[in-house]
Structure formats: structure tokens, C-alpha cells
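Peer 1: So that you have it, the file is coords.txt, and it contains compact mmCIF, C-alpha atoms and all ligand atoms:
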# COMPACT_ATOMS: atom_id res chain seq x y z
CA MET M 1 0.00 0.00 0.00
CA LYS M 2 0.96 3.64 -0.36
CA ILE M 3 0.54 5.33 3.03
CA LEU M 4 0.86 9.01 3.91
CA ILE M 5 1.67 9.76 7.56
CA LEU M 6 0.84 13.28 8.77
CA GLY M 7 2.95 13.91 11.87
CA ALA M 8 5.70 11.51 10.79
CA ASP M 9 8.34 13.10 13.03
CA GLY M 10 6.54 12.28 16.30
CA TYR M 11 6.78 9.48 18.88
CA LEU M 12 4.22 7.32 17.07
CA GLY M 13 4.69 8.82 13.60
CA TRP M 14 8.35 7.92 13.20
CA SER M 15 7.88 4.46 14.73
CA LEU M 16 4.99 3.79 12.34
CA ALA M 17 6.94 5.06 9.32
CA LEU M 18 9.67 2.50 10.09
CA ARG M 19 7.18 -0.31 10.72
CA LEU M 20 5.19 0.26 7.53
CA ALA M 21 8.27 0.76 5.36
CA LYS M 22 9.81 -2.42 6.75
CA ARG M 23 6.62 -4.29 5.86
CA GLY M 24 7.06 -3.20 2.26
CA HIS M 25 4.58 -0.34 2.13
CA GLU M 26 5.47 2.89 0.34
CA VAL M 27 5.67 5.52 3.08
CA ILE M 28 5.45 9.28 2.66
CA GLY M 29 5.87 11.36 5.82
CA VAL M 30 4.74 14.94 6.45
CA ASP M 31 5.63 17.06 9.48
CA ASN M 32 6.20 20.75 10.30
CA LEU M 33 8.51 19.80 13.24
CA TYR M 34 6.27 21.76 15.59
CA THR M 35 6.63 19.29 18.47
CA ARG M 36 10.42 19.67 18.49
CA ASN M 37 10.02 23.42 18.99
CA ALA M 38 7.12 23.22 21.43
CA VAL M 39 9.06 20.84 23.69
CA ARG M 40 11.99 23.30 23.67
CA GLU M 41 9.50 26.09 24.46
CA VAL M 42 8.83 24.46 27.86
CA GLY M 43 12.59 24.08 28.46
CA SER M 44 12.76 20.38 27.69
CA ASP M 45 13.94 17.98 24.99
CA SER M 46 13.63 14.35 23.97
CA ALA M 47 15.51 12.00 26.33
CA PHE M 48 17.42 10.69 23.32
CA PRO M 49 19.01 13.18 20.95
CA LEU M 50 16.99 13.32 17.73
CA PRO M 51 18.60 13.40 14.32
CA ASP M 52 17.00 15.68 11.70
CA PRO M 53 14.35 14.01 9.54
CA GLU M 54 16.79 13.78 6.60
CA GLU M 55 19.43 12.07 8.78
CA ARG M 56 16.84 9.65 10.18
CA ILE M 57 15.70 8.73 6.70
CA THR M 58 19.28 8.11 5.60
CA ALA M 59 19.81 5.94 8.70
CA ALA M 60 16.62 3.98 7.91
CA ARG M 61 17.89 3.42 4.37
CA LYS M 62 21.27 2.17 5.56
CA LEU M 63 20.18 0.12 8.55
CA LEU M 64 16.77 -1.21 7.48
CA ASP M 65 17.06 -0.96 3.70
CA VAL M 66 13.87 1.11 3.40
CA ASN M 67 13.03 4.31 1.52
CA ILE M 68 10.85 6.90 3.25
CA THR M 69 9.87 10.13 1.48
CA PHE M 70 9.57 13.22 3.70
CA HIS M 71 7.85 16.59 3.16
CA ARG M 72 8.38 19.38 5.66
CA ALA M 73 4.93 20.97 5.55
CA ASP M 74 2.17 22.27 7.78
CA VAL M 75 -1.18 20.54 7.34
CA LYS M 76 -2.93 23.77 8.40
CA ASP M 77 -1.98 24.91 4.90
CA PHE M 78 -4.81 23.43 2.81
CA ASP M 79 -3.19 24.04 -0.58
CA LYS M 80 0.02 22.31 0.49
CA LEU M 81 -1.77 19.33 2.00
CA HIS M 82 -3.99 18.98 -1.04
CA GLU M 83 -0.94 19.19 -3.34
CA ILE M 84 0.84 16.40 -1.42
CA ILE M 85 -2.22 14.13 -1.42
CA GLN M 86 -2.84 14.86 -5.10
CA LYS M 87 0.80 14.11 -5.94
CA HIS M 88 1.05 10.79 -4.09
CA LYS M 89 -2.57 9.55 -4.28
CA PRO M 90 -2.17 7.30 -1.21
CA ASP M 91 -4.38 4.35 -0.29
CA ALA M 92 -4.53 5.60 3.29
CA VAL M 93 -3.67 8.74 5.26
CA VAL M 94 -2.67 8.41 8.91
CA HIS M 95 -3.47 11.61 10.79
CA PHE M 96 -1.16 12.18 13.78
CA ALA M 97 -0.40 15.84 12.95
CA GLU M 98 -2.06 17.24 16.07
CA GLN M 99 -0.98 19.04 19.22
CA ARG M 100 -1.02 16.03 21.53
CA SER M 101 -0.40 17.34 25.05
CA ALA M 102 -3.22 17.95 27.53
CA PRO M 103 -1.08 20.17 29.82
CA TYR M 104 0.17 22.23 26.83
CA SER M 105 -3.43 22.98 25.86
CA MET M 106 -4.15 24.19 29.42
CA ILE M 107 -1.21 26.64 29.76
CA ASP M 108 -3.12 29.75 28.69
CA VAL M 109 -5.44 31.20 26.05
CA ASN M 110 -2.77 31.09 23.32
CA HIS M 111 -2.03 27.42 23.88
CA ALA M 112 -5.72 26.56 24.08
CA ASN M 113 -6.33 28.39 20.80
CA TYR M 114 -3.29 26.84 19.14
CA THR M 115 -4.58 23.39 20.09
CA PHE M 116 -8.03 24.00 18.64
CA ILE M 117 -6.84 25.79 15.50
CA ASN M 118 -4.16 23.24 14.70
CA ASN M 119 -6.16 20.12 15.53
CA LEU M 120 -9.51 21.07 14.04
CA THR M 121 -8.08 22.81 10.95
CA SER M 122 -5.80 19.89 10.13
CA THR M 123 -8.70 17.44 10.22
CA ILE M 124 -10.99 19.66 8.14
CA ASN M 125 -8.15 20.21 5.60
CA LEU M 126 -7.65 16.46 5.39
CA ILE M 127 -11.36 15.83 4.85
CA TYR M 128 -11.56 18.39 2.01
CA SER M 129 -8.29 17.21 0.39
CA ILE M 130 -9.60 13.68 0.29
CA ILE M 131 -12.97 14.69 -1.11
CA LYS M 132 -11.12 16.54 -3.88
CA VAL M 133 -8.54 13.86 -4.68
CA ASP M 134 -10.33 10.56 -4.07
CA PRO M 135 -13.09 9.97 -1.47
CA SER M 136 -12.18 6.27 -1.26
CA ILE M 137 -8.88 7.00 0.55
CA HIS M 138 -8.95 5.50 4.06
CA ILE M 139 -8.42 8.03 6.88
CA LEU M 140 -6.80 6.53 10.00
CA LYS M 141 -7.21 9.22 12.64
CA MET M 142 -5.59 9.22 16.07
CA GLY M 143 -8.26 10.04 18.63
CA THR M 144 -7.88 9.29 22.34
CA MET M 145 -9.52 7.24 25.09
CA GLY M 146 -9.62 10.56 26.95
CA GLU M 147 -12.50 11.63 24.68
CA TYR M 148 -14.78 9.43 26.79
CA GLY M 149 -13.36 10.56 30.12
CA THR M 150 -14.01 8.13 32.97
CA PRO M 151 -17.75 7.38 32.88
CA ASN M 152 -19.59 5.20 35.36
CA TYR M 153 -20.57 2.78 32.57
CA ASP M 154 -18.70 0.62 30.07
CA ILE M 155 -17.01 2.43 27.18
CA LEU M 156 -18.34 0.60 24.14
CA GLU M 157 -16.52 0.32 20.85
CA SER M 158 -19.30 1.91 18.88
CA PRO M 159 -19.79 5.36 17.39
CA PHE M 160 -23.43 5.33 18.50
CA VAL M 161 -25.57 4.37 21.45
CA GLU M 162 -29.32 4.06 21.84
CA VAL M 163 -30.93 6.31 24.45
CA GLU M 164 -34.44 6.71 25.80
CA ILE M 165 -35.59 10.13 26.97
CA ASN M 166 -39.15 10.61 28.30
CA GLY M 167 -40.21 7.33 26.75
CA LYS M 168 -38.82 8.11 23.25
CA LYS M 169 -35.83 6.23 21.83
CA ASP M 170 -33.15 7.47 19.47
CA THR M 171 -29.55 6.76 18.47
CA ILE M 172 -26.96 9.39 19.35
CA PRO M 173 -23.15 9.59 19.15
CA PHE M 174 -21.55 7.76 22.10
CA PRO M 175 -21.40 10.25 25.02
CA LYS M 176 -18.05 11.95 25.64
CA TRP M 177 -16.73 13.99 28.54
CA ALA M 178 -13.10 15.06 28.09
CA SER M 179 -10.81 16.62 30.69
CA SER M 180 -8.54 19.13 28.90
CA TRP M 181 -8.82 21.42 25.88
CA TYR M 182 -6.61 18.90 24.05
CA HIS M 183 -8.98 16.03 24.78
CA TRP M 184 -11.99 18.19 23.81
CA SER M 185 -10.30 19.02 20.48
CA LYS M 186 -10.26 15.29 19.75
CA VAL M 187 -13.94 14.98 20.66
CA TYR M 188 -14.80 17.69 18.15
CA ASP M 189 -12.55 16.03 15.55
CA SER M 190 -14.43 12.77 16.04
CA TYR M 191 -17.79 14.48 15.55
CA ASN M 192 -16.44 16.25 12.46
CA LEU M 193 -15.26 12.94 11.01
CA LEU M 194 -18.60 11.32 11.78
CA TRP M 195 -20.28 14.17 9.91
CA ALA M 196 -17.87 13.86 6.94
CA ASN M 197 -18.68 10.17 6.82
CA LYS M 198 -22.41 10.94 6.71
CA VAL M 199 -22.13 13.65 4.05
CA TRP M 200 -19.45 12.22 1.73
CA ASN M 201 -19.32 8.53 2.71
CA LEU M 202 -15.66 8.81 3.66
CA THR M 203 -13.94 5.68 4.97
CA ILE M 204 -12.64 6.38 8.43
CA THR M 205 -11.01 4.61 11.36
CA ASP M 206 -11.08 6.72 14.52
CA ILE M 207 -8.70 5.22 17.08
CA MET M 208 -9.30 5.71 20.76
CA GLN M 209 -5.84 5.01 22.15
CA GLY M 210 -4.73 5.19 25.78
CA PRO M 211 -1.34 6.54 26.94
CA VAL M 212 1.53 4.81 25.09
CA TYR M 213 4.79 3.85 26.78
CA GLY M 214 8.13 2.42 25.68
CA THR M 215 11.31 3.09 23.79
CA ARG M 216 11.55 0.08 21.53
CA THR M 217 9.92 -1.47 18.50
CA GLU M 218 11.15 -4.26 16.25
CA GLU M 219 12.64 -1.64 13.90
CA ILE M 220 14.30 0.61 16.49
CA VAL M 221 17.47 -1.44 16.54
CA ASN M 222 20.04 1.37 16.57
CA GLU M 223 20.51 4.72 18.34
CA LYS M 224 20.13 6.50 14.99
CA LEU M 225 16.63 5.08 14.55
CA ARG M 226 15.26 6.09 17.96
CA THR M 227 11.93 7.83 18.20
CA ARG M 228 11.48 10.87 20.46
CA PHE M 229 10.85 10.20 24.17
CA ASP M 230 9.32 12.96 26.30
CA PHE M 231 9.31 13.05 30.09
CA ASP M 232 8.73 16.67 31.18
CA GLU M 233 5.50 17.73 32.93
CA VAL M 234 3.95 19.02 29.69
CA TRP M 235 4.95 16.48 27.05
CA GLY M 236 5.81 13.32 29.01
CA THR M 237 3.16 10.67 29.71
CA VAL M 238 2.89 8.88 33.00
CA VAL M 239 4.81 5.60 32.52
CA ASN M 240 7.65 7.22 30.60
CA ARG M 241 7.86 10.01 33.19
CA TYR M 242 8.05 7.60 36.13
CA CYS M 243 10.91 5.72 34.42
CA VAL M 244 12.89 8.95 33.99
CA GLU M 245 12.15 9.92 37.61
CA ALA M 246 13.43 6.51 38.74
CA VAL M 247 16.66 6.91 36.73
CA LEU M 248 17.22 10.40 38.14
CA GLY M 249 16.47 9.36 41.75
CA ILE M 250 13.52 11.80 41.94
CA PRO M 251 10.38 10.53 43.78
CA LEU M 252 7.76 9.10 41.41
CA THR M 253 4.82 11.48 41.05
CA PRO M 254 1.28 10.02 41.11
CA TYR M 255 -1.04 13.03 40.99
CA GLY M 256 -3.58 13.31 43.83
CA LYS M 257 -4.89 10.01 45.21
CA GLY M 258 -3.43 8.09 42.25
CA GLY M 259 -6.61 6.13 41.54
CA GLN M 260 -6.85 7.60 37.99
CA THR M 261 -7.19 4.49 35.85
CA ARG M 262 -6.38 4.33 32.14
CA GLY M 263 -5.93 1.73 29.41
CA PHE M 264 -2.29 1.57 28.34
CA ILE M 265 -0.49 0.12 25.35
CA SER M 266 3.21 -0.30 24.58
CA LEU M 267 4.81 1.42 21.61
CA GLU M 268 5.44 -1.97 19.99
CA ASP M 269 1.83 -3.11 20.41
CA SER M 270 0.54 0.25 19.21
CA MET M 271 2.55 -0.28 16.01
CA GLN M 272 1.09 -3.75 15.61
CA ALA M 273 -2.45 -2.42 16.13
CA LEU M 274 -2.09 0.51 13.72
CA THR M 275 -0.58 -1.72 11.05
CA ILE M 276 -3.46 -4.19 11.36
CA LEU M 277 -6.01 -1.37 11.08
CA LEU M 278 -4.33 -0.07 7.91
CA GLU M 279 -3.98 -3.49 6.33
CA HIS M 280 -7.61 -4.34 7.22
CA PRO M 281 -9.47 -1.13 6.40
CA PRO M 282 -13.18 -0.74 7.13
CA ASN M 283 -15.69 -1.24 4.33
CA GLN M 284 -15.86 1.67 1.90
CA GLY M 285 -18.00 4.40 3.41
CA GLU M 286 -17.76 2.99 6.94
CA TYR M 287 -16.86 5.01 10.07
CA ARG M 288 -15.14 2.59 12.44
CA VAL M 289 -14.25 3.43 16.03
CA VAL M 290 -11.59 1.26 17.67
CA ASN M 291 -10.57 1.20 21.33
CA GLN M 292 -6.82 0.58 21.27
CA ILE M 293 -5.66 -0.38 24.75
CA HIS M 294 -4.05 -3.45 26.27
CA GLU M 295 -3.57 -3.21 30.07
CA VAL M 296 -5.65 -1.24 32.57
CA TYR M 297 -3.89 0.19 35.64
CA SER M 298 -4.20 3.11 38.04
CA VAL M 299 -1.33 5.59 38.14
CA ALA M 300 -0.63 4.46 41.75
CA GLN M 301 -0.30 0.83 40.62
CA ILE M 302 2.10 1.89 37.87
CA ALA M 303 4.24 3.80 40.37
CA GLN M 304 4.50 0.62 42.47
CA MET M 305 5.45 -1.38 39.38
CA VAL M 306 8.16 1.09 38.31
CA LYS M 307 9.52 1.14 41.88
CA GLU M 308 9.66 -2.68 42.01
CA VAL M 309 11.38 -3.04 38.63
CA ALA M 310 13.82 -0.16 39.19
CA GLU M 311 14.80 -1.44 42.65
CA PHE M 312 15.40 -4.89 41.16
CA MET M 313 17.77 -3.12 38.75
CA GLY M 314 19.64 -1.54 41.66
CA LEU M 315 18.07 1.95 41.68
CA ARG M 316 16.74 3.59 44.84
CA VAL M 317 13.14 4.71 44.32
CA THR M 318 10.55 6.49 46.43
CA ILE M 319 6.95 7.47 45.60
CA GLN M 320 5.51 10.83 46.62
CA ASN M 321 1.95 11.71 45.62
CA VAL M 322 1.82 15.35 44.53
CA LYS M 323 -1.14 17.77 44.53
CA ASN M 324 -3.10 17.01 41.37
CA PRO M 325 -2.64 19.89 38.90
CA ARG M 326 -5.51 18.54 36.76
CA VAL M 327 -9.27 18.45 37.11
CA GLU M 328 -10.12 14.74 36.88
CA LYS M 329 -11.65 11.92 38.93
CA GLU M 330 -9.11 10.29 41.23
CA GLU M 331 -11.26 7.22 41.99
CA HIS M 332 -13.67 5.85 39.42
CA TYR M 333 -15.10 2.93 37.48
CA TYR M 334 -13.25 2.05 34.25
CA ARG M 335 -14.18 -0.67 31.81
CA VAL M 336 -13.46 -0.56 28.08
CA GLU M 337 -14.72 -2.83 25.33
CA THR M 338 -11.95 -4.00 22.97
CA ARG M 339 -13.48 -6.26 20.36
CA ILE M 340 -12.33 -5.08 16.94
CA LEU M 341 -8.55 -5.41 17.14
CA PRO M 342 -8.56 -9.01 18.50
CA SER M 343 -11.09 -9.91 15.78
CA LEU M 344 -8.55 -8.69 13.18
CA GLY M 345 -5.72 -10.76 14.68
CA PHE M 346 -4.17 -8.30 17.16
CA SER M 347 -2.32 -10.10 19.92
CA PRO M 348 -0.25 -7.95 22.30
CA LYS M 349 3.37 -8.98 22.64
CA LYS M 350 4.49 -6.74 25.49
CA ASN M 351 3.52 -6.22 29.08
CA MET M 352 4.17 -3.11 31.11
CA LYS M 353 6.52 -4.70 33.63
CA GLU M 354 8.95 -5.99 30.99
CA GLU M 355 8.80 -2.77 29.05
CA ILE M 356 9.56 -0.67 32.14
CA LYS M 357 12.80 -2.64 32.48
CA ASN M 358 13.66 -1.96 28.82
CA ILE M 359 12.86 1.75 29.14
CA ILE M 360 15.06 2.13 32.22
CA GLU M 361 17.87 0.16 30.54
CA ASP M 362 17.67 2.49 27.51
CA LEU M 363 17.58 5.65 29.67
CA ILE M 364 20.51 4.88 31.97
CA PRO M 365 23.20 5.78 29.38
CA TYR M 366 21.49 9.20 29.02
CA LYS M 367 21.39 9.97 32.74
CA ASN M 368 23.74 12.97 32.40
CA ARG M 369 21.61 14.46 29.61
CA LEU M 370 18.47 13.95 31.71
CA GLU M 371 20.07 15.62 34.77
CA SER M 372 20.01 18.96 32.96
CA PHE M 373 16.20 18.72 32.60
CA LYS M 374 15.42 17.93 36.25
CA HIS M 375 13.69 21.30 36.67
CA VAL M 376 10.95 20.52 34.11
CA ILE M 377 9.71 17.34 35.76
CA LEU M 378 7.46 18.44 38.65
CA PRO M 379 4.01 19.62 37.47
CA LYS M 380 3.65 23.38 37.07
CA THR M 381 0.76 23.59 34.60
CA ASP M 382 -2.29 23.83 36.83
CA TRP M 383 -5.69 23.32 35.15
CA ARG M 384 -7.44 25.69 37.58
CA LYS M 385 -4.87 28.47 37.55
CA GLY M 386 -4.29 28.55 33.77
CA ARG M 387 -2.58 31.85 33.00
CA THR M 388 -4.84 34.38 31.29
N1 LIG K 401 -0.26 11.46 35.86
C1 LIG K 401 0.28 11.23 37.12
N2 LIG K 401 1.58 11.56 37.31
C2 LIG K 401 2.38 12.07 36.33
C3 LIG K 401 1.81 12.28 35.05
C4 LIG K 401 0.49 11.97 34.86
O1 LIG K 401 -0.40 10.76 38.04
O2 LIG K 401 3.55 12.34 36.60
C5 LIG K 401 -1.66 11.08 35.62
C6 LIG K 401 -2.57 12.19 35.09
O3 LIG K 401 -3.08 12.98 36.12
C7 LIG K 401 -3.62 11.39 34.34
C8 LIG K 401 -2.88 10.13 33.88
O4 LIG K 401 -1.67 10.09 34.61
O5 LIG K 401 -4.63 10.99 35.22
C9 LIG K 401 -2.54 10.13 32.39
O6 LIG K 401 -1.79 11.31 32.12
P1 LIG K 401 -0.69 11.33 30.96
O7 LIG K 401 0.06 12.62 31.07
O8 LIG K 401 0.08 10.07 30.97
O9 LIG K 401 -1.61 11.27 29.67
P2 LIG K 401 -2.67 12.32 29.09
O10 LIG K 401 -2.42 13.70 29.54
O11 LIG K 401 -4.03 11.76 29.33
O12 LIG K 401 -2.36 12.26 27.55
C10 LIG K 401 -1.63 11.20 26.95
C11 LIG K 401 -1.09 11.70 25.62
C12 LIG K 401 -2.26 12.02 24.71
C13 LIG K 401 -3.17 10.80 24.58
C14 LIG K 401 -3.62 10.35 25.96
C15 LIG K 401 -4.41 9.07 25.96
O13 LIG K 401 -0.27 12.84 25.81
O14 LIG K 401 -1.77 12.42 23.44
O15 LIG K 401 -4.29 11.12 23.83
O16 LIG K 401 -2.44 10.08 26.78
S1 LIG K 401 -5.63 9.07 27.25
O17 LIG K 401 -4.97 9.35 28.53
O18 LIG K 401 -6.27 7.80 27.25
O19 LIG K 401 -6.55 10.16 26.93
Could you quickly redo this structure as C-alpha cells?
Peer 2:
Amino acid sequence: MKILILGADGYLGWSLALRLAKRGHEVIGVDNLYTRNAVREVGSDSAFPLPDPEERITAARKLLDVNITFHRADVKDFDKLHEIIQKHKPDAVVHFAEQRSAPYSMIDVNHANYTFINNLTSTINLIYSIIKVDPSIHILKMGTMGEYGTPNYDILESPFVEVEINGKKDTIPFPKWASSWYHWSKVYDSYNLLWANKVWNLTITDIMQGPVYGTRTEEIVNEKLRTRFDFDEVWGTVVNRYCVEAVLGIPLTPYGKGGQTRGFISLEDSMQALTILLEHPPNQGEYRVVNQIHEVYSVAQIAQMVKEVAEFMGLRVTIQNVKNPRVEKEEHYYRVETRILPSLGFSPKKNMKEEIKNIIEDLIPYKNRLESFKHVILPKTDWRKGRT
């Protein structure tokens, strides 16, 4: 297949470019390198030094014998995006080109607006480019489990649900209740895609993925092929952050009571899942929603797990719950239906405990580099205070 990846320079985007290219697909990547700059904006950087896109592509050619095409472009620019899609006429477009940090979206009005403008415009531009070029192109869009929030009922893998109000029944989009401007931007994206599917019969997979963790995939076999790895309070996600905290000897930081429960997936298993979804697209004209998680844990349980593994590896680790900077439930019900991926042959290969060991092993050689970013680890972005 010919696959265009929007956001090909990111944590998932680069890993997926390598995976798909290695499987023999023709891969074209697009990125404006915004994340690199936005991470520097908060005084941080990837744990592993990142080569430029051109250097990475050369390394992929030499080490994996694959050819990846790269365009430095901003998908907010409709004409540019349309031109790229028109030029390559892909079978599928993967849309990762969104501002992906909840804390970043909550910093202040500018960051909230950036998140909405970037995320919603990019999706609308993609919809219109595809209508113009070829409405049969499959859109694989990265949504998030956080669109649902943490409801007191099961999260079904269905775009719709039947409701009864005052004795009358109807079918409505599955209820969503996000907990940051970032997560709300993904809710609106999902509704926009649902609408595009209704109006133009577009073929869409909307992935609801939980936080991803890990440093390794089958293709990341050399330092030059590494994907970015964020750990600061704005861009890092919980498992990856705890591993960096353990390496630096900083107390692990569950927020609040630590009962916040999420569905997690390793980087390797996320690659497997995304590849399966691309290679088994929905029927033409179908809008498919897929819950992409593997293990369910609370952030307190994960802290215990990281402590156990890190201590086994000879590190000294403590856990110190910190005041929760976010507005979210700290104790709640959480049950997610995951039916579609297993039915397509998805079978997770990794578990969190083993991966934590691999992450820590990969981080230890970079301990000195990480030391200089110690000041960006404790949470400073407070949902309630949000600068005005
Ligand atoms: N948390 C801690 N301690 C930390 C960091 C986070 O307890 O040091 C808690 C948060 O309060 C939250 C949970 O861990 O309850 C998850 O936070 P996170 O920072 O790992 O992930 P989140 O902000 O939800 O966003 C990440 C990605 C986002 C993706 C989302 C999937 O940045 O792109 O969409 O995970 S999900 O969480 O399912 O919405």
C-alpha cells in the first residue's frame, strides 16, 4: 500500500513510518517539526538526541534498507496538503499531525487556541483534500480514550448508542466527557469525522488510544533510529515520566490520590495495532471506532510497578503523591470494550513490567543528559490556575 503519515516526526509517527516501510509499504511522511520546537519552548527535549528528519531517513535506508519520502509541511496549509495528497494519491492517510499534550493545551489562552486551531483545521483540511482527490482513501485518525473521560458505565466500541428520553428512543453519538482542551479538540474532531462520513461517505477509522509507553519497536534497533521520548510535565506521559524519575532518583509522582485508571499500550503493540487497522481497512464508506488499549492500571499501581522493577535493577526509588494539577476523577469505574482489534488478529506482545525494564535500561546511558532537565519534571501547569 501507499501510506501518507501526517505527523511523521513524532513518537508514534516515526515508529509507524519505520514499521510500515519495513513491511514493504510505500511511506510518505509529512511534518512541520512543531513538536520539536514546542518541547523546547517548555525548556525540555527528547531523552534521546533526535537526528534531523533527513538524517533519520538516511539511517533507515542504511540500517533497514527502506526508503521513506519526507515533506516538511504544515497541514494547516490546505493548498500544500492537497498538493501532497494529489501528488502521491495514497491508499490511506494516517493523521497524527495534532498538538497532543493535555497540559500544553491548558497553559493559557494562546495554547488553548493553538490546540483547537491546529487540531480542528488539520482534520478539516484532510477531509476536504480527500474529497477533492479521491473519497475512497482510508483516513486513519488518532483520537484518544480521553474523549470518553471516565464514565460510570462501560465504554463501548461503537460510534453510537441508543438512548431513551421521556419514553422516546433514538440513536446518538456515544457520550463523551473530556478533561482538557486537548482532549476536547479530539472529541470535536471525532464528531467532524462522523459528519464527513455521513455527508461524503468517507472511509474512516477513529482510534481511541490510551497513553503509550516504551522506547523500543522491532525496527528501532540502533541509536540512529530512535523515536522521540518525552518526560517533562507538559509532554511526558505517565509511565515514561516515572521511568525517567526513577533513573534520576527523583520521587515518582502520582497526581492526587493516584486512583486515575487508564488503558495503556506499549509502543510496539501500538505499532502492531495501527498496522493491522491499515492493512484491514473498514468497508468503503464505513466510520469505524476502535478502542486501542491493552492493560488497565491506576497511576498508583504503575508507580509501584516502576519502583519494584527499578529497585530490582539496583536503583533507589521512592513514591511521593503530589497535589493534582488537573481536574479529573481520582477514583472511578473504568471498563473498556476491545473487540475489533482481536477480531482482526491483534495479539499484544508486550507487558508493562517488561517494558519498564527496557525503558530504564535504555535511559541509563542518558542519565547525564536527563540531569540537565530535572527542573521541568514536577508539574507546574495547573488546570485551575491557567494563565490568562
Ligand atoms: N499522571 C500522574 N503523574 C504524572 C503524570 C500523569 O499521576 O507524573 C496522571 C494524570 O493525572 C492522568 C494520567 O496520569 O490521570 C494520564 O496522564 P498522561 O500525562 O500520561 O496522559 P494524558 O495527559 O491523558 O495524555 C496522553 C497523551 C495524549 C493521549 C492520551 C491518551 O499525551 O496524546 O491522547 O495520553 S488518554 O490518557 O487515554 O486520553
Peer 1: So the first atom is atom C11 of ligand LIG 401 (chain K) and the second is atom CA of Leu202 of chain M; what is the distance between them in Å, to one decimal place?
Peer 2: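 Value for the atom C11 of ligand LIG 401 (chain K)-atom CA of Leu202 of chain M distance: 26.5 Å.
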Peer 1: As a PDB file with C-alpha atoms, in the coordinates of the input, please: the residues near Lys22 of chain M (cut-off 9 Å, all atoms listed in the file, same-chain neighbours under 3 positions excluded).
Peer 2:
ATOM      1  CA  ALA M  17       6.940   5.060   9.320  1.00  0.00           C
ATOM      2  CA  LEU M  18       9.670   2.500  10.090  1.00  0.00           C
ATOM      3  CA  ARG M  19       7.180  -0.310  10.720  1.00  0.00           C
ATOM      4  CA  HIS M  25       4.580  -0.340   2.130  1.00  0.00           C
ATOM      5  CA  LEU M  64      16.770  -1.210   7.480  1.00  0.00           C
ATOM      6  CA  ASP M  65      17.060  -0.960   3.700  1.00  0.00           C
ATOM      7  CA  VAL M  66      13.870   1.110   3.400  1.00  0.00           C
ATOM      8  CA  GLU M 219      12.640  -1.640  13.900  1.00  0.00           C
TER       9      GLU M 219
END
Peer 1: Taking into account only C-alpha atoms and all ligand atoms, which residue in the set M:Ser136, M:Ser15, M:Thr150, M:Thr123 is nearest to ligand LIG 401 (chain K)?
Peer 2: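 Looking at the shortest contact to ligand LIG 401 (chain K), the residue is M:Thr150.
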Peer 1: Which residues come within 6 Å of segment 326-337 of chain M, counting all atoms listed in the file, excluding same-chain residues fewer than 2 positions away, as a ChimeraX atom specification?
Peer 2: /M:152,154-157,257,259-260,324,383
Peer 1: Using only C-alpha atoms, pick whichever of M:Ser179, M:Thr144, M:Gln272, M:Thr227 has the shortest atom-to-atom distance to Leu50 of chain M.
Peer 2: M:Thr227
Peer 1: Set the distance at 12 Å and use all atoms listed in the file: which residues neighbour Glu41 of chain M once local chain neighbours fewer than 6 positions away are removed? I'd like the list as a list in words.
Peer 2: Tyr34, Thr35, Tyr104, Ile107, His111, Asp232, Val234, Trp235 and Val376 of chain M
Peer 1: Atom O18 of ligand LIG 401 (chain K) and atom CA of Ile293 of chain M, how far apart in Å?
Peer 2: 8.6 Å
Peer 1: Which is closer to Lys198 of chain M than all the others in M:Tyr287, M:Glu162, M:Leu274, M:Pro51, using all atoms listed in the file?
Peer 2: M:Tyr287
Peer 1: Select, from M:Ile204, M:Val221, M:Leu248, M:Val42, the residue with the minimum atom-to-atom distance to Leu63 of chain M, counting only C-alpha atoms.
Peer 2: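 That would be M:Val221, the residue with the smallest distance to Leu63 of chain M.
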Peer 1: Excluding same-chain residues fewer than 4 positions from segment 182-191 of chain M, what lies within 6 Å of it counting all atoms listed in the file, as a list in words?
Peer 2: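 Once the adjacent positions are removed, what remains is Ala102, Ser105, Phe116, Gly143, Gly146, Glu147 and Ala178 of chain M.
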Peer 1: Counting all atoms listed in the file, which of M:Asn321, M:Asn67, M:Thr203, M:Asn351 gets nearest to ligand LIG 401 (chain K)?
Peer 2: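 Using all atoms listed in the file, the shortest distance to ligand LIG 401 (chain K) belongs to M:Asn321.
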Peer 1: Find the distance between atom CA of Val212 of chain M and atom CA of Ser266 of chain M and write it in Å to one decimal.
Peer 2: 5.4 Å
Peer 1: Pick from M:Ser270, M:Asn125, M:Thr215, M:Gln304: nearest to Phe346 of chain M, with all atoms listed in the file counted?
Peer 2: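 Of M:Ser270, M:Asn125, M:Thr215, M:Gln304, the one nearest Phe346 of chain M is M:Ser270, counting all atoms listed in the file.
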Peer 1: Would you mind listing what lies within 12 Å of Trp200 of chain M as a ChimeraX atom specification, with all atoms listed in the file counted and same-chain residues fewer than 6 positions away left out?
Peer 2: /M:127-128,130-132,134-137,192-194,284-287
Peer 1: Could those residues be written to a file, using C-alpha atoms, as a PDB file, in the frame of the given file?
Peer 2:
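The result, stored in result31.pdb:
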ATOM      1  CA  ILE M 127     -11.360  15.830   4.850  1.00  0.00           C
ATOM      2  CA  TYR M 128     -11.560  18.390   2.010  1.00  0.00           C
ATOM      3  CA  ILE M 130      -9.600  13.680   0.290  1.00  0.00           C
ATOM      4  CA  ILE M 131     -12.970  14.690  -1.110  1.00  0.00           C
ATOM      5  CA  LYS M 132     -11.120  16.540  -3.880  1.00  0.00           C
ATOM      6  CA  ASP M 134     -10.330  10.560  -4.070  1.00  0.00           C
ATOM      7  CA  PRO M 135     -13.090   9.970  -1.470  1.00  0.00           C
ATOM      8  CA  SER M 136     -12.180   6.270  -1.260  1.00  0.00           C
ATOM      9  CA  ILE M 137      -8.880   7.000   0.550  1.00  0.00           C
ATOM     10  CA  ASN M 192     -16.440  16.250  12.460  1.00  0.00           C
ATOM     11  CA  LEU M 193     -15.260  12.940  11.010  1.00  0.00           C
ATOM     12  CA  LEU M 194     -18.600  11.320  11.780  1.00  0.00           C
ATOM     13  CA  GLN M 284     -15.860   1.670   1.900  1.00  0.00           C
ATOM     14  CA  GLY M 285     -18.000   4.400   3.410  1.00  0.00           C
ATOM     15  CA  GLU M 286     -17.760   2.990   6.940  1.00  0.00           C
ATOM     16  CA  TYR M 287     -16.860   5.010  10.070  1.00  0.00           C
TER      17      TYR M 287
END
Peer 1: Could you work out an axis-aligned box for segment 38-54 of chain M, taking every atom the file lists and adding 4 Å on each side, and report centre and edge lengths in Å to one decimal, as JSON?
Peer 2:
{"center_x": 13.1, "center_y": 18.4, "center_z": 17.5, "size_x": 19.9, "size_y": 23.4, "size_z": 29.9}
